[in-house]
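> Structure below; questions to follow.
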Amino acid sequence: LLVCEGGEVGRSAVWNKTDERVYFQKALHRVRPLREGNTRFLMYCLWAAAAMDVFSVEGNQSTIVHLTGEKLREHRIPWPPEHEQQLIVDALDRVRERFDFVAKQLASQIDLLKEKRQALITAAVTGEFTVPGAA
């Protein structure tokens, strides 16, 4: 699991490719569970902590928040049995898939509405039709 140290502290992503080497800068932490567990579960926990501003309270308003390795190790993360972690990850993955599907549909609808709006503006400006109530 690669985790941001600064900027968007706690933002993380799983690197799944075991047959390829990965290089990362020192602004990222490489995190692995100490015990058996699901790395994606850990990712979701860090996402939740970041969303609840758990990490931002460690900084102050005049500095950028940094999640040093020492600070990261101090945080306690719930760690249910591995089969429960998998159930939770599966459920969250399904919700994310549905959310992504709906978000793509909404983005497509917004693009279509923008096109129609522009077509209406063009038609009104070029005199293709009159706009009711316009002088």
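The chains in the structure tokens are called A, B, ... from first to last as shown; in each chain the residues are counted from 1, and the ligands are counted from 1 in the order shown.
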DSSP says strand (DSSP E or B) for which residues of chain A? Put them as a PyMOL selection string?

chain A and resi 2-4+6+12-13+28-30+66

> I'd like the neighbourhood of A:Ala27 as an MDAnalysis selection string, where a residue qualifies if any of its atoms comes within 9 Å (using only C-alpha atoms), though same-chain residues fewer than 3 positions away should be ignored.

chainID A and resid 3:6 24

> Could you save those same residues with all heavy atoms as a PDB file, in the first residue's frame?


ATOM      1  N   VAL A   3       1.081   5.219   0.569  1.00  0.00           N
ATOM      2  CA  VAL A   3       0.305   6.208   1.315  1.00  0.00           C
ATOM      3  C   VAL A   3       1.002   7.564   1.238  1.00  0.00           C
ATOM      4  O   VAL A   3       2.205   7.657   1.474  1.00  0.00           O
ATOM      5  CB  VAL A   3       0.164   5.788   2.804  1.00  0.00           C
ATOM      6  CG1 VAL A   3      -0.655   6.797   3.584  1.00  0.00           C
ATOM      7  CG2 VAL A   3      -0.429   4.401   2.920  1.00  0.00           C
ATOM      8  N   CYS A   4       0.216   8.616   0.934  1.00  0.00           N
ATOM      9  CA  CYS A   4       0.763   9.979   0.878  1.00  0.00           C
ATOM     10  C   CYS A   4       1.174  10.453   2.260  1.00  0.00           C
ATOM     11  O   CYS A   4       0.422  10.308   3.224  1.00  0.00           O
ATOM     12  CB  CYS A   4      -0.276  10.954   0.324  1.00  0.00           C
ATOM     13  SG  CYS A   4      -0.501  10.832  -1.441  1.00  0.00           S
ATOM     14  N   GLU A   5       2.344  11.071   2.314  1.00  0.00           N
ATOM     15  CA  GLU A   5       2.833  11.637   3.568  1.00  0.00           C
ATOM     16  C   GLU A   5       2.385  13.079   3.733  1.00  0.00           C
ATOM     17  O   GLU A   5       2.089  13.522   4.835  1.00  0.00           O
ATOM     18  CB  GLU A   5       4.360  11.578   3.608  1.00  0.00           C
ATOM     19  CG  GLU A   5       4.948  12.208   4.836  1.00  0.00           C
ATOM     20  CD  GLU A   5       6.463  12.224   4.822  1.00  0.00           C
ATOM     21  OE1 GLU A   5       7.069  11.455   4.076  1.00  0.00           O
ATOM     22  OE2 GLU A   5       7.029  13.037   5.564  1.00  0.00           O
ATOM     23  N   GLY A   6       2.348  13.817   2.648  1.00  0.00           N
ATOM     24  CA  GLY A   6       1.972  15.234   2.709  1.00  0.00           C
ATOM     25  C   GLY A   6       0.937  15.550   1.657  1.00  0.00           C
ATOM     26  O   GLY A   6       0.606  14.732   0.809  1.00  0.00           O
ATOM     27  N   PHE A  24       9.118   4.686  -5.843  1.00  0.00           N
ATOM     28  CA  PHE A  24       8.296   5.777  -5.335  1.00  0.00           C
ATOM     29  C   PHE A  24       9.172   6.757  -4.584  1.00  0.00           C
ATOM     30  O   PHE A  24      10.226   6.400  -4.073  1.00  0.00           O
ATOM     31  CB  PHE A  24       7.153   5.254  -4.462  1.00  0.00           C
ATOM     32  CG  PHE A  24       7.582   4.351  -3.345  1.00  0.00           C
ATOM     33  CD1 PHE A  24       7.833   4.863  -2.089  1.00  0.00           C
ATOM     34  CD2 PHE A  24       7.732   2.988  -3.552  1.00  0.00           C
ATOM     35  CE1 PHE A  24       8.238   4.041  -1.058  1.00  0.00           C
ATOM     36  CE2 PHE A  24       8.134   2.159  -2.526  1.00  0.00           C
ATOM     37  CZ  PHE A  24       8.387   2.684  -1.278  1.00  0.00           C
TER      38      PHE A  24
END

> Tell me which of A:Asn16, A:Thr122, A:Asn38, A:Gln105 sits closest to A:His83, counting only C-alpha atoms.

A:Asn38

> So what do you get for atom CA of A:Lys71 versus atom CA of A:Arg21, distance-wise?

26.9 Å
